[in-house]
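One structure is given below, encoded as structure tokens.
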Amino acid sequence: MTLSPTARWTTGWLLAAAWALSFPLFSALAPHRLWGWCAAAGYLGAAAATAVGRRRAALAAALLGAVAVPLLWLVLTGQGQSEVTVIERSGRLLLDSGRLYVDRPAHVEEYTPYLPGMALLGVPRALLGGDGSGDGWVVRLLGDARIWCAAALFGCLWAARRLLGGGPGGGRGDGPGGGPGRLLPVLVASPVVALPLTVSGVDLPLAGLCCLALAAAASGRPVLTGAALAGACALKWTALPAVAVAVALLAVLRGGRPAVRCALVAAGGTALLVLPAALLQPAELWRQVFAFPTGRAPVPTPASSPLPGRLLTELGPWGWYLAMGLLLSGGLAVGLSLLARPPRTVVAAADRLALGLTLAFLLAPAGRFGYLALPVLLAVWARSVTVPGVSRVVTGSFRLRPSDGGRPTARNERPGGHFA
């Protein structure tokens with residue numbers, strides 16, 4: 001028996017509510033518990049509104065309960081995961097001394113496992129002069145790193161949609177308010193984005209820049225693709241798989257020269273952003289950005305979800321090497337797949353990147369279940385900016401349209417274009 005669209009969406013909101021309710025019951029973190037109560041109420045309201053045919057009201061209820069209310073409460077009361085404090089401290093150190101990392105950190109809170117680009121998101125707090133205690137609500141709101149992480153995500157997603165020709169509307173469909181173009185607000189309201197946006201925000205800029213890089217590659221803009229990749233690689237080294245996927249997509253759509261130009265811009269931009277910190281604090285950058293997340297620093301990382309890589313490391317030193325070997329093998333396999341069968345559409349590229357990141361997070365010596373939200377976001381985002389049956393890959397002034405039977409149409413048609 002096939003469920004109706006109303007039944008499917010009602011069930012989805014109820015499942016989201018059940019997931020949210022698990023946080024007040026099992027999480028030891030106060031921000032997570034608060035988010036769980038607020039989000040569960042929002043999702044239950046969304047399910048009720050969907051059941052009576054009020055889909056727009058359902059989406060509004062989900063966004064209000066899972067994003068707006070808990071985010072504002074946590075920001076204005078100065079609560080959040082430790083990542084927020086770490087980013088803001090990096091911004092303050094950058095302005096005060098040009099350095100980003102605490103020398104010889106003795107406690108986990110003193111580690112900064114991010115590359116220099118992340119410190120820029122902490123600069124607003126430093127500029128506003130807030131120290132987190134006794135600040136006015138304006139300073140708390142405008143200085144909180146989560147707000148700027150969210151702004152980076154939404155700015156990148158807006159730019160990516162513009163590059164791919166997406167307008168403000170969307171195709172018709174069975175979603176809450178429309179078709180694929182309306183999946184993005186649902187994604188923001190879902191636990192995949194709502195939870196990290198509310199409690200930490202640290203992975204959102206990376207996700208946004210990866211989406212922007214794939215959109216720029218699909219639209220044939222090598223310099224913009226390289227710049228977006230450089231920004232992502234200056235935040236976290238886990239962005240490196242995005243370089244390979246975006247370059248492969250650009251190569252198959254535009255050829256070798258644009259792909260090489262993109263790679264050079266990405267490498268040069270990353271070096272420009274990372275090299276000063278590497279020269280000023282080489283030991284700390286290695287210890288905190290690479291050794292700490294992989295479990296090789298003097299202080300153990302708190303990222304200890306029971307994923308395969310983490311479980312292997314608990315078997316002894318040889319288990320760590322086995323996990324790293326599997327991690328590198330997984331990366332090599334994804335890289336070979338890009339050579340053997342490069343992606344030709346935004347969806348295919350996003351899926352390939354999501355696969356690579358999923359393998360990396362599963363096999364890494366230390367990780368969290370929350371990291372898997374990034375691959376899910378990539379896969380859903382790609383489908384939110386495409387129309388079913390159409391690749392929606394823009395190459396110059398060309399575009400495939402269903403009304404033309406897949407034939408390339410343009411205002412200035414000419415041979416030699418690449419079509420996916």
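Starting from 1 in every chain, residues are counted up; chains themselves are A, B, ... following the order of the structure tokens, and ligands are numbered from 1 as listed.
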Report as a tab-separated table the residues of segment 37-107 of chain A within 10 Å of segment 133-151 of chain A, each with its shortest atom pair and distance in Å (one decimal), using only C-alpha atoms, ordered by chain and increasing residue number.
residue	atom	partner	partner_atom	distance
A:Leu71	CA	A:Arg146	CA	8.7
A:Leu72	CA	A:Leu141	CA	7.9
A:Leu74	CA	A:Arg140	CA	9.9
A:Val75	CA	A:Leu141	CA	6.2
A:Leu76	CA	A:Arg140	CA	5.8
A:Thr77	CA	A:Arg140	CA	8.1
A:Gly78	CA	A:Arg140	CA	7.2
A:Gly80	CA	A:Arg146	CA	9.1
A:Glu83	CA	A:Ala145	CA	9.1
A:Val84	CA	A:Ala145	CA	6.0
A:Thr85	CA	A:Ala145	CA	8.2
A:Val86	CA	A:Ala145	CA	9.5
A:Ile87	CA	A:Ala145	CA	6.8
A:Glu88	CA	A:Ala145	CA	6.4
A:Gly91	CA	A:Ala145	CA	9.7
Give me the residues of segment 170-253 of chain A that have any atom at most 12 Å from an atom of segment 276-285 of chain A; for each, the nearest atom pair and the distance in Å, rounded to one decimal. Use only C-alpha atoms, sort by chain and number, and format it as CSV.
residue,atom,partner,partner_atom,distance
A:Ala234,CA,A:Ala277,CA,10.9
A:Lys236,CA,A:Leu285,CA,11.8
A:Trp237,CA,A:Leu285,CA,11.7
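Using only C-alpha atoms, the shortest contact distance between Ala194 of chain A and any of A:Arg310, A:His32, A:His107, A:Arg257 is found at A:His32.
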* Pick from A:Thr270, A:Thr225, A:Thr6, A:Thr11, whichever lies nearest to Val52 of chain A using only C-alpha atoms ->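 The shortest atom-to-atom distance to Val52 of chain A comes from A:Thr6.
Counting only C-alpha atoms, segment 21-28 of chain A has the following residues at most 10 Å away, ignoring those fewer than 3 positions along the same chain: Leu15, Ala16, Ala17, Ala18, Pro31, His32, Arg33, Leu34, Trp35, Gly36, Trp37, Cys38, Ala39, Ala40 and Ala41 of chain A.
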Filtering to C-alpha atoms, could you give me those residues as a PDB file, in the first residue's frame?
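After the write, part_31.pdb holds the following:
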ATOM      1  CA  LEU A  15       9.922  10.538  13.357  1.00  0.00           C
ATOM      2  CA  ALA A  16      11.790  13.839  13.696  1.00  0.00           C
ATOM      3  CA  ALA A  17       9.903  14.500  16.945  1.00  0.00           C
ATOM      4  CA  ALA A  18      10.857  11.064  18.280  1.00  0.00           C
ATOM      5  CA  PRO A  31      22.043  22.684  25.048  1.00  0.00           C
ATOM      6  CA  HIS A  32      21.138  19.360  23.432  1.00  0.00           C
ATOM      7  CA  ARG A  33      18.393  18.714  25.955  1.00  0.00           C
ATOM      8  CA  LEU A  34      16.924  22.173  25.469  1.00  0.00           C
ATOM      9  CA  TRP A  35      16.994  21.743  21.705  1.00  0.00           C
ATOM     10  CA  GLY A  36      15.297  18.368  22.042  1.00  0.00           C
ATOM     11  CA  TRP A  37      12.324  19.728  23.999  1.00  0.00           C
ATOM     12  CA  CYS A  38      11.840  22.728  21.694  1.00  0.00           C
ATOM     13  CA  ALA A  39      12.335  20.760  18.484  1.00  0.00           C
ATOM     14  CA  ALA A  40       9.995  17.965  19.562  1.00  0.00           C
ATOM     15  CA  ALA A  41       7.247  20.502  20.191  1.00  0.00           C
TER      16      ALA A  41
END
* To do: Taking the chain letters and numbering used in this document, name the residues of segment 210-371 of chain A that DSSP puts in alpha helix (DSSP H), as a PyMOL selection string.
  => chain A and resi 210-218+222-233+240-254+256-280+282-285+308-313+317-340+346-363
* Asked: Taking into account only C-alpha atoms, which residue in the set A:Met118, A:Leu3, A:Ala189, A:Ala30 is nearest to Tyr43 of chain A?
  -> A:Ala189
* What does the distance between atom CA of Arg99 of chain A and atom CA of Phe292 of chain A come to in Å, to one decimal place? ->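 If I compute the distance from atom CA of Arg99 of chain A to atom CA of Phe292 of chain A, I get 18.4 Å.
Of the residues listed (A:Arg54, A:Arg344, A:Arg89, A:Arg287), A:Arg344 shows the shortest atom-to-atom separation from Ala217 of chain A; distances use only C-alpha atoms.
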* Asked: Between atom CA of Ala215 of chain A and atom CA of Ala160 of chain A, what is the spacing in Å?
  ->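 Computed distance, atom CA of Ala160 of chain A to atom CA of Ala215 of chain A, equals 5.3 Å.
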* Show which residues sit within 7 Å of Pro116 of chain A, as a count of residues only. Count only C-alpha atoms, and ignore same-chain residues fewer than 3 positions away. => 7
* Structure fact -> For Thr112 of chain A, the closest of A:Thr301, A:Ser384, A:Gln288, A:Thr2 counting only C-alpha atoms is A:Gln288
I'd like a table as a Markdown table: residues in segment 219-310 of chain A with an atom no more than 7 Å from segment 346-358 of chain A, each row giving the shortest atom pair and its distance in Å to one decimal, only C-alpha atoms counted, sorted by chain and rising residue number.
| residue | atom | partner | partner_atom | distance |
| --- | --- | --- | --- | --- |
| A:Pro241 | CA | A:Leu353 | CA | 6.7 |
| A:Ala242 | CA | A:Leu353 | CA | 6.2 |
| A:Val245 | CA | A:Ala349 | CA | 6.3 |
| A:Leu249 | CA | A:Ala349 | CA | 6.7 |
Set the distance at 9 Å and use only C-alpha atoms: which residues neighbour Ala364 of chain A once local chain neighbours fewer than 3 positions away are removed? I'd like the list as a PDB file with C-alpha atoms, in the first residue's frame.
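In the end it all went to out_28.pdb:
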ATOM      1  CA  PRO A 293      41.344  14.940  15.886  1.00  0.00           C
ATOM      2  CA  THR A 294      43.051  11.652  14.971  1.00  0.00           C
ATOM      3  CA  LEU A 307      32.033   4.211  14.920  1.00  0.00           C
ATOM      4  CA  PRO A 308      34.182   1.522  13.229  1.00  0.00           C
ATOM      5  CA  GLY A 309      37.389   3.581  13.179  1.00  0.00           C
ATOM      6  CA  ARG A 310      37.065   4.482  16.831  1.00  0.00           C
ATOM      7  CA  ALA A 323      41.911   2.373  10.951  1.00  0.00           C
ATOM      8  CA  MET A 324      44.199   4.826   9.177  1.00  0.00           C
ATOM      9  CA  LEU A 326      41.255   1.646   5.896  1.00  0.00           C
ATOM     10  CA  LEU A 327      40.671   5.397   5.848  1.00  0.00           C
ATOM     11  CA  LEU A 359      33.666   6.673   4.634  1.00  0.00           C
ATOM     12  CA  ALA A 360      36.069   9.176   6.190  1.00  0.00           C
ATOM     13  CA  PHE A 361      33.862   9.801   9.209  1.00  0.00           C
ATOM     14  CA  GLY A 367      34.543  10.778  15.189  1.00  0.00           C
TER      15      GLY A 367
END
* Give me, please, the distance in Å between atom CA of Ala68 of chain A and atom CA of Leu157 of chain A, quoted to one decimal. =>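 Answer for the atom CA of Ala68 of chain A to atom CA of Leu157 of chain A separation: 18.9 Å.
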* Asked: Within 12 Å of Val247 of chain A, counting only C-alpha atoms, which residues qualify if same-chain residues fewer than 6 places away don't, as a ChimeraX atom specification?
  -> /A:213-218,220-226,228-229,240-241,253-267,335,338-339,342-344,349,353
